[in-house]
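Pasting entry_22.cif here (mmCIF, C-alpha atoms, pLDDT in the B column; chains and numbers go by the auth columns):
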data_coords
loop_
_atom_site.group_PDB
_atom_site.id
_atom_site.type_symbol
_atom_site.label_atom_id
_atom_site.label_comp_id
_atom_site.label_asym_id
_atom_site.label_seq_id
_atom_site.Cartn_x
_atom_site.Cartn_y
_atom_site.Cartn_z
_atom_site.B_iso_or_equiv
_atom_site.auth_seq_id
_atom_site.auth_asym_id
ATOM 1 C CA MET A 1 -1.876 14.879 -23.094 65.00 1 P
ATOM 2 C CA GLU A 2 1.169 15.925 -21.097 79.00 2 P
ATOM 3 C CA ILE A 3 2.670 13.783 -18.364 76.00 3 P
ATOM 4 C CA SER A 4 2.006 16.483 -15.763 81.00 4 P
ATOM 5 C CA ASN A 5 -1.700 16.527 -16.633 87.00 5 P
ATOM 6 C CA ILE A 6 -1.837 12.751 -16.329 90.00 6 P
ATOM 7 C CA TRP A 7 -0.051 12.991 -12.975 90.00 7 P
ATOM 8 C CA TYR A 8 -2.516 15.584 -11.658 91.00 8 P
ATOM 9 C CA PHE A 9 -5.457 13.508 -12.866 93.00 9 P
ATOM 10 C CA LEU A 10 -4.077 10.330 -11.243 93.00 10 P
ATOM 11 C CA SER A 11 -3.287 12.181 -8.027 94.00 11 P
ATOM 12 C CA ALA A 12 -6.818 13.567 -7.799 94.00 12 P
ATOM 13 C CA LEU A 13 -8.254 10.130 -8.560 96.00 13 P
ATOM 14 C CA THR A 14 -6.012 8.521 -5.923 95.00 14 P
ATOM 15 C CA LEU A 15 -6.995 11.047 -3.266 95.00 15 P
ATOM 16 C CA LEU A 16 -10.685 10.740 -4.132 96.00 16 P
ATOM 17 C CA SER A 17 -10.641 6.951 -3.927 95.00 17 P
ATOM 18 C CA ALA A 18 -8.627 7.055 -0.680 95.00 18 P
ATOM 19 C CA LEU A 19 -11.214 9.414 0.799 95.00 19 P
ATOM 20 C CA MET A 20 -13.964 7.056 -0.306 94.00 20 P
ATOM 21 C CA VAL A 21 -12.175 4.228 1.556 91.00 21 P
ATOM 22 C CA ILE A 22 -12.601 6.003 4.867 92.00 22 P
ATOM 23 C CA MET A 23 -15.963 7.624 4.125 92.00 23 P
ATOM 24 C CA SER A 24 -17.793 4.570 2.797 90.00 24 P
ATOM 25 C CA LYS A 25 -20.201 2.995 5.265 85.00 25 P
ATOM 26 C CA ASN A 26 -20.135 -0.428 3.619 83.00 26 P
ATOM 27 C CA PRO A 27 -16.868 -2.334 4.348 81.00 27 P
ATOM 28 C CA ILE A 28 -17.038 -4.194 1.032 81.00 28 P
ATOM 29 C CA HIS A 29 -17.188 -0.881 -0.838 87.00 29 P
ATOM 30 C CA SER A 30 -14.256 0.385 1.241 87.00 30 P
ATOM 31 C CA VAL A 31 -12.141 -2.597 0.203 85.00 31 P
ATOM 32 C CA LEU A 32 -13.056 -2.094 -3.451 87.00 32 P
ATOM 33 C CA TYR A 33 -12.123 1.597 -3.233 92.00 33 P
ATOM 34 C CA LEU A 34 -8.832 0.527 -1.644 89.00 34 P
ATOM 35 C CA VAL A 35 -8.140 -1.798 -4.583 89.00 35 P
ATOM 36 C CA PHE A 36 -8.816 1.103 -6.947 93.00 36 P
ATOM 37 C CA THR A 37 -6.446 3.272 -4.883 93.00 37 P
ATOM 38 C CA PHE A 38 -3.722 0.649 -5.281 91.00 38 P
ATOM 39 C CA PHE A 39 -4.268 0.619 -9.044 93.00 39 P
ATOM 40 C CA CYS A 40 -3.953 4.417 -9.140 94.00 40 P
ATOM 41 C CA ILE A 41 -0.708 4.212 -7.161 94.00 41 P
ATOM 42 C CA SER A 42 0.532 1.586 -9.616 93.00 42 P
ATOM 43 C CA ALA A 43 -0.180 4.014 -12.445 93.00 43 P
ATOM 44 C CA HIS A 44 1.985 6.554 -10.615 93.00 44 P
ATOM 45 C CA TYR A 45 4.777 3.970 -10.584 91.00 45 P
ATOM 46 C CA VAL A 46 4.474 3.653 -14.354 89.00 46 P
ATOM 47 C CA LEU A 47 4.854 7.426 -14.689 88.00 47 P
ATOM 48 C CA LEU A 48 7.991 7.199 -12.520 85.00 48 P
ATOM 49 C CA ASN A 49 9.397 4.476 -14.817 82.00 49 P
ATOM 50 C CA ALA A 50 9.274 1.860 -12.045 83.00 50 P
ATOM 51 C CA GLN A 51 7.530 -1.016 -13.777 85.00 51 P
ATOM 52 C CA PHE A 52 8.703 -3.609 -11.253 86.00 52 P
ATOM 53 C CA LEU A 53 7.162 -1.702 -8.353 86.00 53 P
ATOM 54 C CA MET A 54 3.958 -1.369 -10.359 90.00 54 P
ATOM 55 C CA ALA A 55 3.757 -5.117 -10.934 88.00 55 P
ATOM 56 C CA VAL A 56 4.563 -5.939 -7.306 88.00 56 P
ATOM 57 C CA ASN A 57 1.996 -3.413 -6.070 89.00 57 P
ATOM 58 C CA ILE A 58 -0.736 -4.927 -8.223 90.00 58 P
ATOM 59 C CA ILE A 59 0.149 -8.544 -7.460 88.00 59 P
ATOM 60 C CA VAL A 60 0.805 -8.219 -3.736 86.00 60 P
ATOM 61 C CA TYR A 61 -1.497 -5.450 -2.570 84.00 61 P
ATOM 62 C CA ALA A 62 -4.359 -5.273 -5.051 80.00 62 P
ATOM 63 C CA GLY A 63 -4.341 -9.039 -5.455 82.00 63 P
ATOM 64 C CA ALA A 64 -3.369 -11.005 -2.395 82.00 64 P
ATOM 65 C CA ILE A 65 -3.933 -8.577 0.473 79.00 65 P
ATOM 66 C CA MET A 66 -7.310 -7.389 -0.790 79.00 66 P
ATOM 67 C CA VAL A 67 -8.526 -10.968 -1.236 80.00 67 P
ATOM 68 C CA LEU A 68 -7.633 -11.575 2.402 79.00 68 P
ATOM 69 C CA PHE A 69 -9.431 -8.379 3.473 79.00 69 P
ATOM 70 C CA LEU A 70 -12.561 -9.371 1.551 76.00 70 P
ATOM 71 C CA PHE A 71 -12.416 -12.879 3.036 78.00 71 P
ATOM 72 C CA VAL A 72 -12.175 -11.541 6.587 76.00 72 P
ATOM 73 C CA ILE A 73 -14.969 -9.008 6.046 75.00 73 P
ATOM 74 C CA MET A 74 -17.256 -11.653 4.556 74.00 74 P
ATOM 75 C CA MET A 75 -16.683 -13.898 7.595 74.00 75 P
ATOM 76 C CA PHE A 76 -18.152 -11.254 9.907 71.00 76 P
ATOM 77 C CA ASP A 77 -21.875 -10.892 10.403 62.00 77 P
ATOM 78 C CA LEU A 78 -22.072 -7.192 9.593 61.00 78 P
ATOM 79 C CA LYS A 79 -25.756 -6.847 10.497 63.00 79 P
ATOM 80 C CA LYS A 80 -25.108 -7.926 14.109 62.00 80 P
ATOM 81 C CA ASN A 81 -22.070 -5.752 14.741 57.00 81 P
ATOM 82 C CA ILE A 82 -23.453 -2.300 13.996 61.00 82 P
ATOM 83 C CA PRO A 83 -21.128 0.226 15.632 61.00 83 P
ATOM 84 C CA GLU A 84 -22.660 2.756 17.950 68.00 84 P
ATOM 85 C CA SER A 85 -22.663 6.342 16.758 70.00 85 P
ATOM 86 C CA LYS A 86 -19.864 8.629 17.886 73.00 86 P
ATOM 87 C CA SER A 87 -20.536 11.460 20.288 82.00 87 P
ATOM 88 C CA SER A 88 -20.189 15.092 19.282 86.00 88 P
ATOM 89 C CA LEU A 89 -17.093 15.429 21.452 88.00 89 P
ATOM 90 C CA THR A 90 -15.377 12.567 19.615 88.00 90 P
ATOM 91 C CA LYS A 91 -16.216 14.100 16.238 87.00 91 P
ATOM 92 C CA LEU A 92 -14.943 17.498 17.391 91.00 92 P
ATOM 93 C CA ALA A 93 -11.690 15.997 18.705 92.00 93 P
ATOM 94 C CA GLY A 94 -11.159 14.158 15.437 90.00 94 P
ATOM 95 C CA SER A 95 -11.730 17.333 13.452 93.00 95 P
ATOM 96 C CA VAL A 96 -9.276 19.284 15.621 95.00 96 P
ATOM 97 C CA VAL A 97 -6.589 16.608 15.241 95.00 97 P
ATOM 98 C CA ALA A 98 -7.133 16.397 11.464 94.00 98 P
ATOM 99 C CA GLY A 99 -6.966 20.195 11.122 95.00 99 P
ATOM 100 C CA THR A 100 -3.779 20.340 13.197 96.00 100 P
ATOM 101 C CA LEU A 101 -2.159 17.663 11.047 95.00 101 P
ATOM 102 C CA LEU A 102 -3.186 19.528 7.900 95.00 102 P
ATOM 103 C CA VAL A 103 -1.641 22.780 9.172 96.00 103 P
ATOM 104 C CA ILE A 104 1.586 20.942 10.103 95.00 104 P
ATOM 105 C CA LEU A 105 1.731 19.289 6.676 92.00 105 P
ATOM 106 C CA ILE A 106 1.220 22.597 4.875 92.00 106 P
ATOM 107 C CA ALA A 107 3.919 24.240 7.015 91.00 107 P
ATOM 108 C CA ILE A 108 6.393 21.461 6.238 89.00 108 P
ATOM 109 C CA VAL A 109 5.699 21.613 2.504 85.00 109 P
ATOM 110 C CA ARG A 110 6.042 25.410 2.417 87.00 110 P
ATOM 111 C CA LYS A 111 9.279 25.388 4.422 85.00 111 P
ATOM 112 C CA ASN A 112 11.099 22.765 2.330 83.00 112 P
ATOM 113 C CA ASN A 113 12.689 23.830 -0.916 77.00 113 P
ATOM 114 C CA ILE A 114 12.694 20.835 -3.196 71.00 114 P
ATOM 115 C CA PRO A 115 15.075 21.356 -6.108 73.00 115 P
ATOM 116 C CA ALA A 116 13.925 20.650 -9.637 71.00 116 P
ATOM 117 C CA PRO A 117 15.334 17.467 -11.171 67.00 117 P
ATOM 118 C CA LEU A 118 18.289 17.914 -13.478 68.00 118 P
ATOM 119 C CA GLY A 119 17.623 16.757 -17.020 67.00 119 P
ATOM 120 C CA ASP A 120 21.242 15.972 -17.891 71.00 120 P
ATOM 121 C CA LYS A 121 21.609 13.380 -15.092 72.00 121 P
ATOM 122 C CA PHE A 122 18.362 11.568 -15.933 69.00 122 P
ATOM 123 C CA ASN A 123 18.741 7.857 -16.625 71.00 123 P
ATOM 124 C CA SER A 124 15.755 6.248 -18.312 71.00 124 P
ATOM 125 C CA GLN A 125 16.827 2.755 -17.162 71.00 125 P
ATOM 126 C CA THR A 126 16.648 3.506 -13.425 70.00 126 P
ATOM 127 C CA GLY A 127 13.482 1.586 -12.505 67.00 127 P
ATOM 128 C CA MET A 128 13.791 -1.284 -14.957 77.00 128 P
ATOM 129 C CA VAL A 129 13.616 -4.886 -13.799 80.00 129 P
ATOM 130 C CA GLU A 130 16.944 -5.819 -15.413 83.00 130 P
ATOM 131 C CA ASN A 131 18.833 -3.199 -13.416 82.00 131 P
ATOM 132 C CA LEU A 132 17.058 -4.196 -10.208 81.00 132 P
ATOM 133 C CA GLY A 133 18.023 -7.831 -10.799 84.00 133 P
ATOM 134 C CA GLN A 134 21.653 -6.907 -11.406 87.00 134 P
ATOM 135 C CA VAL A 135 21.785 -4.940 -8.169 85.00 135 P
ATOM 136 C CA LEU A 136 19.950 -7.608 -6.138 84.00 136 P
ATOM 137 C CA TYR A 137 22.034 -10.516 -7.405 88.00 137 P
ATOM 138 C CA GLY A 138 25.287 -8.555 -7.457 90.00 138 P
ATOM 139 C CA GLU A 139 25.860 -6.034 -4.715 92.00 139 P
ATOM 140 C CA PHE A 140 23.055 -7.241 -2.393 91.00 140 P
ATOM 141 C CA LEU A 141 23.295 -11.005 -2.920 92.00 141 P
ATOM 142 C CA LEU A 142 23.964 -11.909 0.730 93.00 142 P
ATOM 143 C CA PRO A 143 21.101 -9.833 2.237 92.00 143 P
ATOM 144 C CA PHE A 144 18.779 -11.087 -0.508 89.00 144 P
ATOM 145 C CA GLU A 145 19.582 -14.727 0.288 93.00 145 P
ATOM 146 C CA LEU A 146 19.307 -14.135 4.047 94.00 146 P
ATOM 147 C CA VAL A 147 15.833 -12.659 3.588 92.00 147 P
ATOM 148 C CA SER A 148 14.816 -15.658 1.475 92.00 148 P
ATOM 149 C CA ILE A 149 15.977 -18.002 4.270 95.00 149 P
ATOM 150 C CA LEU A 150 14.026 -15.909 6.787 94.00 150 P
ATOM 151 C CA PHE A 151 10.868 -16.188 4.638 90.00 151 P
ATOM 152 C CA PHE A 152 11.389 -19.939 4.327 92.00 152 P
ATOM 153 C CA VAL A 153 11.701 -20.360 8.114 94.00 153 P
ATOM 154 C CA ALA A 154 8.554 -18.235 8.631 90.00 154 P
ATOM 155 C CA MET A 155 6.661 -20.366 6.110 88.00 155 P
ATOM 156 C CA VAL A 156 7.732 -23.621 7.809 89.00 156 P
ATOM 157 C CA GLY A 157 6.729 -22.154 11.191 87.00 157 P
ATOM 158 C CA ALA A 158 3.319 -21.167 9.863 82.00 158 P
ATOM 159 C CA VAL A 159 2.749 -24.672 8.489 83.00 159 P
ATOM 160 C CA LEU A 160 3.777 -26.258 11.795 82.00 160 P
ATOM 161 C CA LEU A 161 1.503 -23.954 13.772 77.00 161 P
ATOM 162 C CA GLY A 162 -1.366 -24.574 11.359 73.00 162 P
ATOM 163 C CA LYS A 163 -1.055 -28.374 11.491 75.00 163 P
ATOM 164 C CA ARG A 164 -0.924 -28.536 15.289 65.00 164 P
ATOM 165 C CA GLU A 165 -3.564 -30.806 16.772 67.00 165 P
ATOM 166 C CA ALA A 166 -5.870 -29.621 19.561 62.00 166 P
ATOM 167 C CA GLY A 167 -4.248 -30.120 22.942 64.00 167 P
ATOM 168 C CA GLU A 168 -0.822 -30.836 21.460 63.00 168 P
ATOM 169 C CA ARG A 169 2.096 -28.802 22.793 64.00 169 P
ATOM 170 C CA ASN A 170 4.988 -28.107 20.444 56.00 170 P
ATOM 171 C CA PHE A 171 7.095 -25.849 22.659 56.00 171 P
#
Would you mind writing the file's structure down as C-alpha coordinates?
Amino acid sequence: MEISNIWYFLSALTLLSALMVIMSKNPIHSVLYLVFTFFCISAHYVLLNAQFLMAVNIIVYAGAIMVLFLFVIMMFDLKKNIPESKSSLTKLAGSVVAGTLLVILIAIVRKNNIPAPLGDKFNSQTGMVENLGQVLYGEFLLPFELVSILFFVAMVGAVLLGKREAGERNF
(Lines of atoms letter the chains of each structure in order from A and count residues from 1; the text may use other names and numbers.)
(Lines give C-alpha, C1' and ligand atoms only; values in the text may rest on other atoms or scores of the structure.)
Protein backbone atom coordinates (compact mmCIF):
# COMPACT_ATOMS: atom_id res chain seq x y z
CA MET A 1 0.00 0.00 0.00
CA GLU A 2 1.42 3.37 -0.97
CA ILE A 3 2.02 6.15 1.53
CA SER A 4 -0.42 8.43 -0.28
CA ASN A 5 -3.20 5.85 0.04
CA ILE A 6 -2.47 5.49 3.74
CA TRP A 7 -2.52 9.29 4.09
CA TYR A 8 -5.90 9.56 2.33
CA PHE A 9 -7.32 6.76 4.47
CA LEU A 10 -6.05 8.38 7.70
CA SER A 11 -7.31 11.79 6.62
CA ALA A 12 -10.79 10.43 5.92
CA LEU A 13 -10.77 8.56 9.23
CA THR A 14 -9.63 11.70 11.08
CA LEU A 15 -12.33 13.85 9.50
CA LEU A 16 -15.00 11.23 10.15
CA SER A 17 -14.07 10.87 13.82
CA ALA A 18 -13.85 14.67 14.22
CA LEU A 19 -17.34 14.99 12.76
CA MET A 20 -18.57 12.33 15.16
CA VAL A 21 -17.15 14.40 18.05
CA ILE A 22 -19.47 17.28 17.26
CA MET A 23 -22.43 15.21 16.06
CA SER A 24 -22.59 12.72 18.92
CA LYS A 25 -25.35 13.40 21.43
CA ASN A 26 -23.65 11.53 24.27
CA PRO A 27 -20.70 13.50 25.76
CA ILE A 28 -18.86 10.31 26.72
CA HIS A 29 -19.01 9.12 23.11
CA SER A 30 -17.78 12.54 21.96
CA VAL A 31 -14.72 12.27 24.21
CA LEU A 32 -13.98 8.76 22.95
CA TYR A 33 -14.25 9.95 19.33
CA LEU A 34 -11.88 12.79 20.24
CA VAL A 35 -9.36 10.28 21.60
CA PHE A 36 -9.62 8.35 18.34
CA THR A 37 -9.10 11.61 16.42
CA PHE A 38 -5.91 12.24 18.40
CA PHE A 39 -4.67 8.75 17.55
CA CYS A 40 -5.35 9.38 13.86
CA ILE A 41 -3.42 12.65 14.04
CA SER A 42 -0.57 10.79 15.73
CA ALA A 43 -0.53 8.37 12.81
CA HIS A 44 -0.17 11.38 10.51
CA TYR A 45 2.87 12.42 12.54
CA VAL A 46 4.40 9.00 11.93
CA LEU A 47 3.89 9.45 8.19
CA LEU A 48 5.64 12.83 8.46
CA ASN A 49 8.59 11.17 10.26
CA ALA A 50 7.91 13.10 13.48
CA GLN A 51 7.96 10.33 16.06
CA PHE A 52 8.50 12.70 18.99
CA LEU A 53 5.37 14.69 18.14
CA MET A 54 3.46 11.43 17.82
CA ALA A 55 4.53 10.29 21.28
CA VAL A 56 3.79 13.67 22.86
CA ASN A 57 0.38 13.82 21.17
CA ILE A 58 -0.58 10.40 22.50
CA ILE A 59 0.78 10.97 26.01
CA VAL A 60 -0.43 14.53 26.54
CA TYR A 61 -3.65 14.78 24.55
CA ALA A 62 -5.01 11.26 24.21
CA GLY A 63 -3.83 10.37 27.69
CA ALA A 64 -3.87 13.19 30.19
CA ILE A 65 -6.28 15.71 28.70
CA MET A 66 -8.90 13.13 27.77
CA VAL A 67 -8.80 11.62 31.27
CA LEU A 68 -9.53 15.08 32.63
CA PHE A 69 -12.38 15.57 30.13
CA LEU A 70 -13.92 12.23 31.09
CA PHE A 71 -13.55 13.06 34.79
CA VAL A 72 -15.30 16.41 34.37
CA ILE A 73 -18.10 14.92 32.26
CA MET A 74 -18.69 12.13 34.77
CA MET A 75 -18.99 14.68 37.59
CA PHE A 76 -21.98 16.31 35.89
CA ASP A 77 -25.47 14.94 36.25
CA LEU A 78 -26.24 14.69 32.55
CA LYS A 79 -29.88 13.68 33.03
CA LYS A 80 -30.68 16.93 34.87
CA ASN A 81 -28.94 19.30 32.48
CA ILE A 82 -30.68 18.47 29.21
CA PRO A 83 -30.10 21.40 26.85
CA GLU A 84 -33.12 22.99 25.27
CA SER A 85 -33.52 22.49 21.54
CA LYS A 86 -32.24 25.18 19.21
CA SER A 87 -34.63 27.31 17.22
CA SER A 88 -34.83 27.15 13.45
CA LEU A 89 -33.26 30.60 13.19
CA THR A 90 -30.22 29.46 15.18
CA LYS A 91 -29.81 26.38 12.99
CA LEU A 92 -30.13 28.49 9.84
CA ALA A 93 -27.56 31.02 11.10
CA GLY A 94 -25.15 28.22 11.94
CA SER A 95 -25.57 26.70 8.49
CA VAL A 96 -24.96 30.06 6.80
CA VAL A 97 -21.80 30.68 8.83
CA ALA A 98 -20.50 27.15 8.16
CA GLY A 99 -21.20 27.50 4.42
CA THR A 100 -19.45 30.88 4.31
CA LEU A 101 -16.40 29.46 6.06
CA LEU A 102 -16.34 26.53 3.64
CA VAL A 103 -16.45 28.85 0.62
CA ILE A 104 -13.64 30.99 2.10
CA LEU A 105 -11.53 27.89 2.79
CA ILE A 106 -12.02 26.58 -0.75
CA ALA A 107 -11.11 29.99 -2.20
CA ILE A 108 -7.93 30.15 -0.13
CA VAL A 109 -6.87 26.64 -1.12
CA ARG A 110 -7.53 27.29 -4.81
CA LYS A 111 -5.67 30.61 -4.79
CA ASN A 112 -2.48 29.34 -3.11
CA ASN A 113 0.06 27.51 -5.20
CA ILE A 114 1.88 25.13 -2.92
CA PRO A 115 5.09 23.90 -4.53
CA ALA A 116 5.89 20.21 -4.58
CA PRO A 117 8.61 19.14 -2.15
CA LEU A 118 12.06 18.70 -3.63
CA GLY A 119 13.40 15.17 -3.32
CA ASP A 120 17.08 16.11 -3.36
CA LYS A 121 16.80 18.31 -0.23
CA PHE A 122 14.89 15.71 1.79
CA ASN A 123 16.49 14.77 5.10
CA SER A 124 15.13 11.61 6.68
CA GLN A 125 16.44 12.62 10.13
CA THR A 126 14.40 15.83 10.39
CA GLY A 127 11.78 14.76 12.96
CA MET A 128 13.90 12.40 15.02
CA VAL A 129 14.17 12.78 18.78
CA GLU A 130 17.98 12.92 18.74
CA ASN A 131 18.01 15.95 16.45
CA LEU A 132 15.30 17.67 18.50
CA GLY A 133 17.34 17.11 21.66
CA GLN A 134 20.47 18.53 20.05
CA VAL A 135 18.61 21.65 18.98
CA LEU A 136 16.82 22.09 22.33
CA TYR A 137 19.93 21.62 24.45
CA GLY A 138 22.22 23.48 22.06
CA GLU A 139 20.81 26.48 20.26
CA PHE A 140 17.68 26.89 22.44
CA LEU A 141 19.11 26.01 25.86
CA LEU A 142 18.26 29.33 27.55
CA PRO A 143 14.60 29.50 26.40
CA PHE A 144 14.19 25.81 27.26
CA GLU A 145 15.46 26.36 30.81
CA LEU A 146 13.37 29.53 31.25
CA VAL A 147 10.23 27.62 30.27
CA SER A 148 11.10 24.87 32.75
CA ILE A 149 11.44 27.50 35.52
CA LEU A 150 8.09 28.98 34.47
CA PHE A 151 6.44 25.53 34.69
CA PHE A 152 8.01 24.98 38.10
CA VAL A 153 6.67 28.31 39.42
CA ALA A 154 3.20 27.50 38.02
CA MET A 155 3.28 24.09 39.71
CA VAL A 156 4.28 25.60 43.08
CA GLY A 157 1.51 28.21 42.70
CA ALA A 158 -1.06 25.52 41.95
CA VAL A 159 -0.01 23.55 45.04
CA LEU A 160 -0.21 26.66 47.23
CA LEU A 161 -3.64 27.55 45.89
CA GLY A 162 -4.84 23.97 46.32
CA LYS A 163 -3.64 23.69 49.93
CA ARG A 164 -5.20 26.98 51.03
CA GLU A 165 -7.53 26.60 53.99
CA ALA A 166 -11.07 28.01 53.93
CA GLY A 167 -11.08 31.63 55.01
CA GLU A 168 -7.31 31.97 54.78
CA ARG A 169 -5.95 34.86 52.72
CA ASN A 170 -2.60 34.39 51.00
CA PHE A 171 -2.40 37.66 49.08
Selection result for the PyMOL selection byres ((chain P and resi 120-133) around 12) on this file, as number ranges by chain
P: 45-56, 116-119, 134-141, 144
Using the chain letters and numbers from this file, what does the PyMOL selection byres ((chain P and resi 33-35) around 8) select? Give the answer as number ranges by chain.
P: 17-18, 20-21, 29-32, 36-39, 61-62, 66
How many Å separate atom CA of Ile58 of chain P from atom CA of Leu70 of chain P?
16.0 Å
Report the distance between atom CA of Ile3 of chain P and atom CA of Ile108 of chain P in Å, rounded to one decimal place.
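Atom-to-atom, atom CA of Ile3 of chain P to atom CA of Ile108 of chain P, that is 26.0 Å.
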Calculate how many Å separate atom CA of Thr90 of chain P from atom CA of Met23 of chain P, rounding to one decimal.
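Rounded to one decimal, the two atoms are 16.3 Å apart.
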Listed atoms of segment 151-161 of chain P, axis-aligned box, 8 Å per side: centre and edge lengths to one decimal in Å, as AutoDock Vina command-line options?
--center_x 6.6 --center_y -21.2 --center_z 9.0 --size_x 26.2 --size_y 26.1 --size_z 25.4
So which one's closest to Met74 of chain P, P:Met155, P:Leu150, P:Ile28, P:Ile22? Using only C-alpha atoms, please.
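For Met74 of chain P, the nearest of the candidates is P:Ile28.
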If you count all atoms listed in the file, which residues fall within 8 Å of Leu10 of chain P, apart from same-chain ones fewer than 5 positions away, as a ChimeraX atom specification?
/P:40,43-44
